[in-house]
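Okay, input_32.tsv now, which holds TSV, C-alpha atoms and all ligand atoms:
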```tsv
chain	number	residue	atom	x	y	z
A	1	MET	CA	144.14	315.50	190.49
A	2	ARG	CA	142.57	315.64	187.04
A	3	GLY	CA	139.18	317.11	186.30
A	4	LEU	CA	138.55	319.36	189.29
A	5	ARG	CA	139.94	322.66	187.99
A	6	GLY	CA	137.13	325.00	186.95
A	7	LYS	CA	134.45	322.61	188.23
A	8	VAL	CA	131.78	323.63	190.71
A	9	ALA	CA	131.33	321.64	193.91
A	10	VAL	CA	128.76	321.77	196.69
A	11	ILE	CA	129.71	320.56	200.16
A	12	ALA	CA	126.55	319.81	202.15
A	13	GLY	CA	127.73	320.06	205.75
A	14	GLY	CA	131.05	321.81	205.19
A	15	GLY	CA	131.30	324.18	208.14
A	16	SER	CA	133.67	322.04	210.18
A	17	GLY	CA	135.69	318.83	210.36
A	18	ILE	CA	135.79	316.58	207.31
A	19	GLY	CA	133.47	318.78	205.20
A	20	ALA	CA	135.55	321.92	205.82
A	21	ALA	CA	138.76	320.03	204.96
A	22	THR	CA	137.10	318.78	201.75
A	23	ALA	CA	136.03	322.30	200.76
A	24	ARG	CA	139.61	323.51	201.23
A	25	ARG	CA	141.07	320.57	199.31
A	26	LEU	CA	138.66	320.92	196.37
A	27	ALA	CA	139.45	324.65	196.21
A	28	GLU	CA	143.19	323.85	196.25
A	29	GLU	CA	142.52	321.56	193.29
A	30	GLY	CA	140.98	324.50	191.44
A	31	ALA	CA	137.26	323.91	192.02
A	32	GLN	CA	134.80	326.65	192.93
A	33	VAL	CA	133.05	325.58	196.08
A	34	VAL	CA	129.70	326.25	197.71
A	35	ILE	CA	129.68	325.38	201.39
A	36	GLY	CA	126.38	324.82	203.17
A	37	ASP	CA	126.05	324.22	206.88
A	38	LEU	CA	123.49	324.47	209.67
A	39	PHE	CA	125.87	327.04	211.16
A	40	ALA	CA	126.05	329.93	208.70
A	41	ASP	CA	129.05	331.55	210.40
A	42	ALA	CA	131.04	328.32	210.14
A	43	ALA	CA	130.20	327.94	206.43
A	44	ARG	CA	131.07	331.58	205.71
A	45	SER	CA	134.29	331.35	207.67
A	46	VAL	CA	135.47	328.31	205.63
A	47	ALA	CA	134.54	330.19	202.44
A	48	SER	CA	136.46	333.33	203.47
A	49	SER	CA	139.53	331.30	204.43
A	50	ILE	CA	139.46	329.80	200.91
A	51	GLU	CA	138.97	333.22	199.30
A	52	SER	CA	141.84	334.67	201.35
A	53	THR	CA	144.18	332.16	199.69
A	54	GLY	CA	142.96	333.01	196.17
A	55	GLY	CA	140.19	330.43	195.77
A	56	ARG	CA	136.54	330.99	194.91
A	57	ALA	CA	134.02	330.00	197.55
A	58	THR	CA	130.57	330.85	198.87
A	59	GLY	CA	129.29	329.89	202.32
A	60	LEU	CA	125.65	329.86	203.38
A	61	ALA	CA	123.23	328.54	205.96
A	62	PHE	CA	121.44	325.37	204.99
A	63	ASP	CA	119.45	322.72	206.80
A	64	VAL	CA	119.69	319.25	205.26
A	65	ARG	CA	116.26	318.41	206.76
A	66	ASP	CA	114.45	321.09	204.77
A	67	THR	CA	113.63	320.70	201.06
A	68	THR	CA	113.53	324.44	200.30
A	69	SER	CA	116.84	324.96	202.03
A	70	VAL	CA	118.52	322.07	200.18
A	71	ALA	CA	117.14	323.33	196.85
A	72	ARG	CA	118.52	326.81	197.65
A	73	LEU	CA	121.97	325.33	198.35
A	74	MET	CA	122.12	323.69	194.91
A	75	GLN	CA	120.64	326.78	193.23
A	76	THR	CA	123.37	328.92	194.85
A	77	ALA	CA	125.97	326.96	192.88
A	78	MET	CA	124.03	327.66	189.67
A	79	ASP	CA	123.55	331.36	190.46
A	80	ALA	CA	127.11	331.99	191.67
A	81	TYR	CA	129.11	329.82	189.25
A	82	GLY	CA	126.65	328.74	186.53
A	83	ARG	CA	126.80	324.97	186.99
A	84	LEU	CA	127.07	322.07	189.42
A	85	ASP	CA	129.51	319.23	188.81
A	86	LYS	CA	130.45	317.69	192.15
A	87	LEU	CA	128.59	317.04	195.38
A	88	HIS	CA	129.92	315.98	198.77
A	89	VAL	CA	127.04	314.99	201.07
A	90	ASN	CA	128.59	315.01	204.50
A	91	ALA	CA	126.17	316.40	207.10
A	92	ALA	CA	125.50	314.28	210.16
A	93	ASP	CA	124.08	314.95	213.60
A	94	MET	CA	127.20	314.22	215.63
A	95	GLY	CA	125.44	315.25	218.85
A	96	ALA	CA	122.94	312.42	218.40
A	97	VAL	CA	125.64	309.83	217.81
A	98	ARG	CA	127.16	310.50	221.21
A	99	GLU	CA	123.85	309.58	222.91
A	100	ASP	CA	123.04	306.62	220.66
A	101	PRO	CA	122.57	303.37	222.69
A	102	ASP	CA	121.57	299.85	221.61
A	103	ALA	CA	118.37	298.71	219.86
A	104	ALA	CA	116.63	297.91	223.16
A	105	GLU	CA	117.23	301.34	224.60
A	106	VAL	CA	117.14	303.71	221.63
A	107	SER	CA	114.28	306.21	221.69
A	108	PHE	CA	112.37	306.92	218.51
A	109	GLU	CA	113.09	310.58	219.11
A	110	LEU	CA	116.82	309.94	218.77
A	111	PHE	CA	116.29	307.47	215.91
A	112	ASP	CA	114.14	309.93	213.92
A	113	ARG	CA	116.54	312.79	214.65
A	114	THR	CA	119.46	310.71	213.33
A	115	ILE	CA	117.66	309.48	210.22
A	116	ALA	CA	116.35	312.98	209.38
A	117	VAL	CA	119.87	314.36	209.01
A	118	ASN	CA	122.13	311.40	208.21
A	119	LEU	CA	119.89	309.55	205.75
A	120	ARG	CA	116.76	311.46	204.69
A	121	GLY	CA	118.94	314.56	204.31
A	122	HIS	CA	121.32	312.65	202.03
A	123	LEU	CA	118.39	311.57	199.84
A	124	LEU	CA	117.12	315.15	199.72
A	125	CYS	CA	120.54	316.45	198.63
A	126	THR	CA	120.68	313.74	195.96
A	127	GLN	CA	117.23	314.63	194.61
A	128	GLN	CA	117.92	318.34	194.51
A	129	ALA	CA	121.39	318.04	192.97
A	130	LEU	CA	120.71	315.44	190.26
A	131	PRO	CA	118.89	317.70	187.75
A	132	HIS	CA	121.78	320.21	187.94
A	133	LEU	CA	124.45	317.49	187.64
A	134	LEU	CA	122.68	316.00	184.62
A	135	ARG	CA	122.39	319.45	183.04
A	136	SER	CA	126.18	319.82	183.42
A	137	GLY	CA	126.62	316.54	181.53
A	138	GLY	CA	127.10	314.22	184.50
A	139	GLY	CA	129.32	314.63	187.48
A	140	ALA	CA	130.09	312.89	190.73
A	141	ILE	CA	128.67	312.50	194.21
A	142	ALA	CA	130.65	311.44	197.28
A	143	TYR	CA	128.77	310.62	200.46
A	144	THR	CA	130.34	310.39	203.89
A	145	THR	CA	129.37	307.11	205.45
A	146	SER	CA	131.14	305.34	208.32
A	147	GLU	CA	132.74	302.06	209.26
A	148	SER	CA	129.79	301.82	211.70
A	149	ALA	CA	127.70	300.63	208.74
A	150	TYR	CA	129.57	297.33	208.58
A	151	ILE	CA	131.60	296.64	211.74
A	152	GLY	CA	128.65	295.65	213.94
A	153	GLU	CA	129.02	297.80	217.03
A	154	PRO	CA	127.17	297.02	220.29
A	155	THR	CA	125.94	300.64	220.53
A	156	ARG	CA	125.17	303.50	218.05
A	157	VAL	CA	122.36	301.52	216.41
A	158	ALA	CA	120.62	304.54	214.84
A	159	TYR	CA	123.91	305.90	213.50
A	160	ALA	CA	124.90	302.53	211.99
A	161	MET	CA	121.45	302.13	210.40
A	162	SER	CA	121.63	305.63	208.93
A	163	LYS	CA	125.07	304.97	207.45
A	164	SER	CA	124.03	301.58	206.02
A	165	GLY	CA	121.19	303.45	204.35
A	166	VAL	CA	123.66	305.93	202.87
A	167	ASN	CA	125.62	303.04	201.38
A	168	ALA	CA	122.43	301.68	199.81
A	169	LEU	CA	121.48	305.11	198.45
A	170	MET	CA	124.96	305.56	196.99
A	171	ARG	CA	124.89	302.19	195.21
A	172	HIS	CA	121.40	302.92	193.90
A	173	VAL	CA	122.51	306.29	192.46
A	174	ALA	CA	125.62	304.69	190.90
A	175	SER	CA	123.47	302.02	189.30
A	176	ARG	CA	120.57	304.22	188.19
A	177	TRP	CA	122.51	307.20	186.79
A	178	GLY	CA	125.90	305.70	185.85
A	179	ARG	CA	125.05	305.54	182.14
A	180	GLU	CA	123.98	309.18	182.27
A	181	GLY	CA	127.45	310.11	183.48
A	182	VAL	CA	126.86	310.46	187.21
A	183	ARG	CA	129.20	308.49	189.48
A	184	ALA	CA	128.44	307.93	193.15
A	185	ASN	CA	130.80	306.64	195.84
A	186	ALA	CA	131.26	306.93	199.57
A	187	VAL	CA	134.13	307.41	201.99
A	188	ALA	CA	133.98	305.48	205.24
A	189	PRO	CA	136.23	307.17	207.76
A	190	GLY	CA	137.39	305.39	210.86
A	191	PHE	CA	137.74	307.51	213.97
A	192	THR	CA	138.86	310.89	212.63
A	193	LEU	CA	140.52	313.45	214.84
A	194	THR	CA	138.57	316.64	214.10
A	195	GLU	CA	138.65	319.61	216.50
A	196	GLU	CA	135.19	318.56	217.71
A	197	SER	CA	135.92	314.85	218.18
A	198	ASP	CA	139.16	315.75	219.97
A	199	ARG	CA	137.13	317.91	222.39
A	200	HIS	CA	134.75	315.04	223.21
A	201	LEU	CA	137.34	312.28	223.38
A	202	ALA	CA	137.08	310.40	226.68
A	203	PRO	CA	140.38	309.85	228.48
A	204	GLY	CA	142.16	306.76	227.21
A	205	LEU	CA	140.14	306.54	224.01
A	206	ARG	CA	142.84	308.11	221.83
A	207	ALA	CA	145.23	305.29	222.78
A	208	GLU	CA	142.47	302.72	222.21
A	209	PHE	CA	141.73	304.06	218.71
A	210	LEU	CA	145.43	304.20	217.92
A	211	ALA	CA	145.86	300.59	219.02
A	212	GLY	CA	143.20	299.57	216.46
A	213	VAL	CA	144.94	301.30	213.55
A	214	ARG	CA	147.49	299.45	211.42
A	215	GLY	CA	149.56	302.59	211.17
A	216	ARG	CA	151.28	305.21	213.25
A	217	ARG	CA	148.62	307.89	213.66
A	218	LEU	CA	144.92	308.54	213.73
A	219	VAL	CA	143.01	309.62	210.62
A	220	SER	CA	142.94	313.39	210.00
A	221	PRO	CA	140.10	315.32	208.28
A	222	GLU	CA	142.60	316.07	205.49
A	223	ASP	CA	143.10	312.32	204.90
A	224	VAL	CA	139.36	311.89	204.33
A	225	ALA	CA	139.18	315.08	202.23
A	226	ALA	CA	141.90	313.71	199.94
A	227	ALA	CA	139.85	310.55	199.33
A	228	VAL	CA	136.71	312.60	198.62
A	229	ALA	CA	138.60	314.85	196.19
A	230	PHE	CA	139.98	311.77	194.44
A	231	LEU	CA	136.53	310.16	194.13
A	232	LEU	CA	135.11	313.41	192.73
A	233	SER	CA	138.01	313.82	190.30
A	234	GLU	CA	138.43	312.35	186.83
A	235	ASP	CA	141.23	310.16	188.21
A	236	ALA	CA	138.38	308.08	189.67
A	237	ALA	CA	136.50	307.92	186.34
A	238	SER	CA	136.07	304.13	186.60
A	239	ILE	CA	135.25	304.01	190.30
A	240	ASN	CA	131.50	303.84	190.84
A	241	GLY	CA	129.32	302.43	193.59
A	242	GLN	CA	132.18	301.90	196.03
A	243	VAL	CA	132.73	302.48	199.73
A	244	ILE	CA	136.36	303.49	200.29
A	245	SER	CA	137.60	303.08	203.85
A	246	VAL	CA	139.84	305.82	205.19
A	247	ASP	CA	140.71	304.33	208.55
A	248	GLY	CA	144.43	303.62	208.65
A	249	GLY	CA	143.72	299.94	208.03
A	250	ARG	CA	141.54	299.54	211.14
A	251	THR	CA	139.02	297.54	209.14
A	252	MET	CA	139.93	295.36	206.17
A	253	ARG	CA	137.01	294.34	203.98
A	254	PRO	CA	137.09	292.14	200.88
A	301	LIG	N1	134.89	312.20	212.99
A	301	LIG	C1	134.80	310.86	212.90
A	301	LIG	O1	135.45	310.13	213.63
A	301	LIG	C2	133.92	310.24	211.84
A	301	LIG	C3	134.05	308.86	211.62
A	301	LIG	C4	133.25	308.26	210.65
A	301	LIG	C5	132.36	309.01	209.91
A	301	LIG	N2	132.27	310.36	210.15
A	301	LIG	C6	131.31	311.11	209.34
A	301	LIG	O2	131.97	312.22	208.76
A	301	LIG	C7	131.04	313.27	208.52
A	301	LIG	C8	131.58	314.56	209.09
A	301	LIG	O3	131.78	314.39	210.46
A	301	LIG	P1	132.80	315.30	211.31
A	301	LIG	O4	133.47	314.41	212.27
A	301	LIG	O5	133.60	316.16	210.41
A	301	LIG	O6	131.74	316.12	212.20
A	301	LIG	P2	131.26	317.63	212.12
A	301	LIG	O7	130.20	317.75	213.17
A	301	LIG	O8	132.43	318.54	212.18
A	301	LIG	O9	130.61	317.71	210.66
A	301	LIG	C9	129.26	317.54	210.39
A	301	LIG	C10	128.73	318.84	209.79
A	301	LIG	O10	127.36	318.66	209.47
A	301	LIG	C11	126.69	319.83	209.87
A	301	LIG	N3	125.28	319.54	210.12
A	301	LIG	C12	124.73	318.87	211.15
A	301	LIG	N4	123.40	318.88	211.04
A	301	LIG	C13	123.09	319.58	209.92
A	301	LIG	C14	121.88	319.96	209.30
A	301	LIG	N5	120.69	319.62	209.80
A	301	LIG	N6	121.94	320.67	208.15
A	301	LIG	C15	123.13	321.04	207.63
A	301	LIG	N7	124.31	320.73	208.19
A	301	LIG	C16	124.29	320.01	209.33
A	301	LIG	C17	127.39	320.25	211.15
A	301	LIG	O11	127.10	321.60	211.49
A	301	LIG	C18	128.83	320.01	210.79
A	301	LIG	O12	129.46	321.12	210.19
A	301	LIG	C19	129.72	312.80	209.14
A	301	LIG	O13	128.89	312.28	208.12
A	301	LIG	C20	130.14	311.70	210.09
A	301	LIG	O14	129.12	310.76	210.30
A	301	LIG	C21	133.02	310.99	211.09
```

Mind turning the file's structure into structure tokens?
Ligand SMILES: NC(=O)c1ccc[n+]([C@@H]2O[C@H](COP(=O)([O-])OP(=O)(O)OC[C@H]3O[C@@H](n4cnc5c(N)ncnc54)[C@H](O)[C@@H]3O)[C@@H](O)[C@H]2O)c1
Amino acid sequence: MRGLRGKVAVIAGGGSGIGAATARRLAEEGAQVVIGDLFADAARSVASSIESTGGRATGLAFDVRDTTSVARLMQTAMDAYGRLDKLHVNAADMGAVREDPDAAEVSFELFDRTIAVNLRGHLLCTQQALPHLLRSGGGAIAYTTSESAYIGEPTRVAYAMSKSGVNALMRHVASRWGREGVRANAVAPGFTLTEESDRHLAPGLRAEFLAGVRGRRLVSPEDVAAAVAFLLSEDAASINGQVISVDGGRTMRP
């Protein structure tokens, strides 16, 4: 992919699953990556696996709910590599989503917990990264949203609302800062078989997910990472304000 070699990328929520796969893919494409995660060991372990294969990576603890922590994540890219060009905002509270009922039943504790990470956290990352991106002459942001934002599920109301908000934030950023050289897009994975989601998969659900896919296998974290890398690359120079589904054709939107 063009335009990733020598660039500096931050992955906000890159200690596992899709974020970890994105960090590895961006490093493979020649980017220097800063991986932040609530779990410092996970972030550091992804960074050392990248370094062990010749890449340049830094892993650190970060909490997407905390302004100082988010600012430190972006500043780490500046201190370690001198610039910030690409941002993948990926963190989500996947524990909350497993308990997320319908609008009649959802507690405001669960709603606030979901919004704090999945939506407010994405706005915080955007705010803290933008000055650095603009200083580097522009750049690109890719958010991880979800098909839940538009398929209308009977449960997971807080999760769906948080992801719809991410789509709105992404389009706002694309519109507001496009002329200043910042592109913003989102990937919307369908069910993605990460180590964690595999562990929590109820019996029979794998077959159900597979039946919904117009393809032969479930989505892998590497499939989503490839789409993120593309959106952050110069090959996507004219793609701005878009939600790209990575779901094996499970949903088909106009
Ligand atoms: N796996 C799927 O089926 C699927 C489908 C659609 C969308 N998604 C989205 O993909 C993204 C990644 O999900 P995943 O499946 O790889 O799960 P994951 O749990 O492996 O990844 C989420 C990461 O965010 C981190 N995180 C959580 N709270 C945080 C906080 N407060 N501060 C910093 N980091 C925090 C976690 O530690 C974790 O590393 C999420 O945005 C999720 O909503 C996943």

By how many Å are atom CA of A:Phe108 and atom O4 of ligand LIG 301 (chain A) apart?
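That distance, rounded to one decimal, is 23.2 Å.
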
Between stretch 82-171 of chain A and stretch 182-195 of chain A, at 8 Å or less, what are the per-residue closest atom pairs and their distances in Å? Count all atoms listed in the file, order by chain and rising residue number, and return it as a Markdown table.
```
| residue | atom | partner | partner_atom | distance |
| --- | --- | --- | --- | --- |
| A:Leu133 | CA | A:Val182 | CA | 7.4 |
| A:Leu134 | CA | A:Val182 | CA | 7.4 |
| A:Gly138 | CA | A:Val182 | CA | 4.6 |
| A:Gly139 | CA | A:Val182 | CA | 4.8 |
| A:Ala140 | CA | A:Arg183 | CA | 4.7 |
| A:Ile141 | CA | A:Ala184 | CA | 4.7 |
| A:Ala142 | CA | A:Asn185 | CA | 5.0 |
| A:Tyr143 | CA | A:Ala186 | CA | 4.5 |
| A:Thr144 | CA | A:Val187 | CA | 5.2 |
| A:Thr145 | CA | A:Ala188 | CA | 4.9 |
| A:Ser146 | CA | A:Ala188 | CA | 4.2 |
| A:Glu147 | CA | A:Ala188 | CA | 5.4 |
| A:Asn167 | CA | A:Ala186 | CA | 7.1 |
| A:Met170 | CA | A:Ala184 | CA | 5.7 |
| A:Arg171 | CA | A:Ala184 | CA | 7.1 |
```

For ligand LIG 301 (chain A), which residue out of A:Val89, A:Ala202, A:Val10, A:Ala229 is the nearest one, using all atoms listed in the file?
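Checking each of A:Val89, A:Ala202, A:Val10, A:Ala229 against ligand LIG 301 (chain A), counting all atoms listed in the file, the winner is A:Val89.
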
So which residues are near ligand LIG 301 (chain A), meaning at most 7 Å away with all atoms listed in the file counted, given back as a VMD selection string?
chain A and resid 12 to 19 36 to 39 62 to 65 90 to 94 117 to 118 144 to 147 188 to 194 196 to 197 221

Atom CA of A:Ala207 to atom CA of A:Arg98: how many Å, to one decimal?
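Between these atoms lies a distance of 18.9 Å.
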
Find the residue from A:Val33, A:Asp247, A:Ala43, A:Ala23 that sits nearest to A:Phe209; use only C-alpha atoms when measuring.
A:Asp247

Would you mind exporting stretch 239-251 of chain A with N, CA and C atoms, as a PDB file, in the first residue's frame?
```pdb
ATOM      1  N   ILE A 239     -10.974   8.689  -0.585  1.00  0.00           N
ATOM      2  CA  ILE A 239     -12.059   8.101   0.226  1.00  0.00           C
ATOM      3  C   ILE A 239     -12.126   8.868   1.534  1.00  0.00           C
ATOM      4  N   ASN A 240     -13.253   9.524   1.770  1.00  0.00           N
ATOM      5  CA  ASN A 240     -13.406  10.373   2.947  1.00  0.00           C
ATOM      6  C   ASN A 240     -14.852  10.326   3.410  1.00  0.00           C
ATOM      7  N   GLY A 241     -15.045  10.161   4.700  1.00  0.00           N
ATOM      8  CA  GLY A 241     -16.395  10.183   5.267  1.00  0.00           C
ATOM      9  C   GLY A 241     -17.202   8.915   5.035  1.00  0.00           C
ATOM     10  N   GLN A 242     -16.502   7.800   4.815  1.00  0.00           N
ATOM     11  CA  GLN A 242     -17.198   6.558   4.456  1.00  0.00           C
ATOM     12  C   GLN A 242     -17.154   5.515   5.569  1.00  0.00           C
ATOM     13  N   VAL A 243     -18.199   4.698   5.600  1.00  0.00           N
ATOM     14  CA  VAL A 243     -18.198   3.504   6.449  1.00  0.00           C
ATOM     15  C   VAL A 243     -18.023   2.302   5.523  1.00  0.00           C
ATOM     16  N   ILE A 244     -16.924   1.584   5.694  1.00  0.00           N
ATOM     17  CA  ILE A 244     -16.647   0.422   4.836  1.00  0.00           C
ATOM     18  C   ILE A 244     -16.969  -0.851   5.628  1.00  0.00           C
ATOM     19  N   SER A 245     -17.911  -1.631   5.137  1.00  0.00           N
ATOM     20  CA  SER A 245     -18.259  -2.875   5.815  1.00  0.00           C
ATOM     21  C   SER A 245     -17.223  -3.945   5.516  1.00  0.00           C
ATOM     22  N   VAL A 246     -16.824  -4.641   6.582  1.00  0.00           N
ATOM     23  CA  VAL A 246     -15.929  -5.793   6.404  1.00  0.00           C
ATOM     24  C   VAL A 246     -16.657  -6.950   7.082  1.00  0.00           C
ATOM     25  N   ASP A 247     -17.581  -7.549   6.339  1.00  0.00           N
ATOM     26  CA  ASP A 247     -18.473  -8.526   6.980  1.00  0.00           C
ATOM     27  C   ASP A 247     -18.795  -9.715   6.087  1.00  0.00           C
ATOM     28  N   GLY A 248     -17.946  -9.933   5.088  1.00  0.00           N
ATOM     29  CA  GLY A 248     -18.170 -11.082   4.206  1.00  0.00           C
ATOM     30  C   GLY A 248     -19.477 -10.982   3.423  1.00  0.00           C
ATOM     31  N   GLY A 249     -19.998  -9.771   3.303  1.00  0.00           N
ATOM     32  CA  GLY A 249     -21.239  -9.596   2.536  1.00  0.00           C
ATOM     33  C   GLY A 249     -22.497  -9.862   3.352  1.00  0.00           C
ATOM     34  N   ARG A 250     -22.344  -9.941   4.687  1.00  0.00           N
ATOM     35  CA  ARG A 250     -23.520 -10.186   5.542  1.00  0.00           C
ATOM     36  C   ARG A 250     -24.556  -9.077   5.382  1.00  0.00           C
ATOM     37  N   THR A 251     -24.083  -7.825   5.388  1.00  0.00           N
ATOM     38  CA  THR A 251     -25.001  -6.721   5.118  1.00  0.00           C
ATOM     39  C   THR A 251     -24.617  -6.105   3.770  1.00  0.00           C
TER      40      THR A 251
END
```
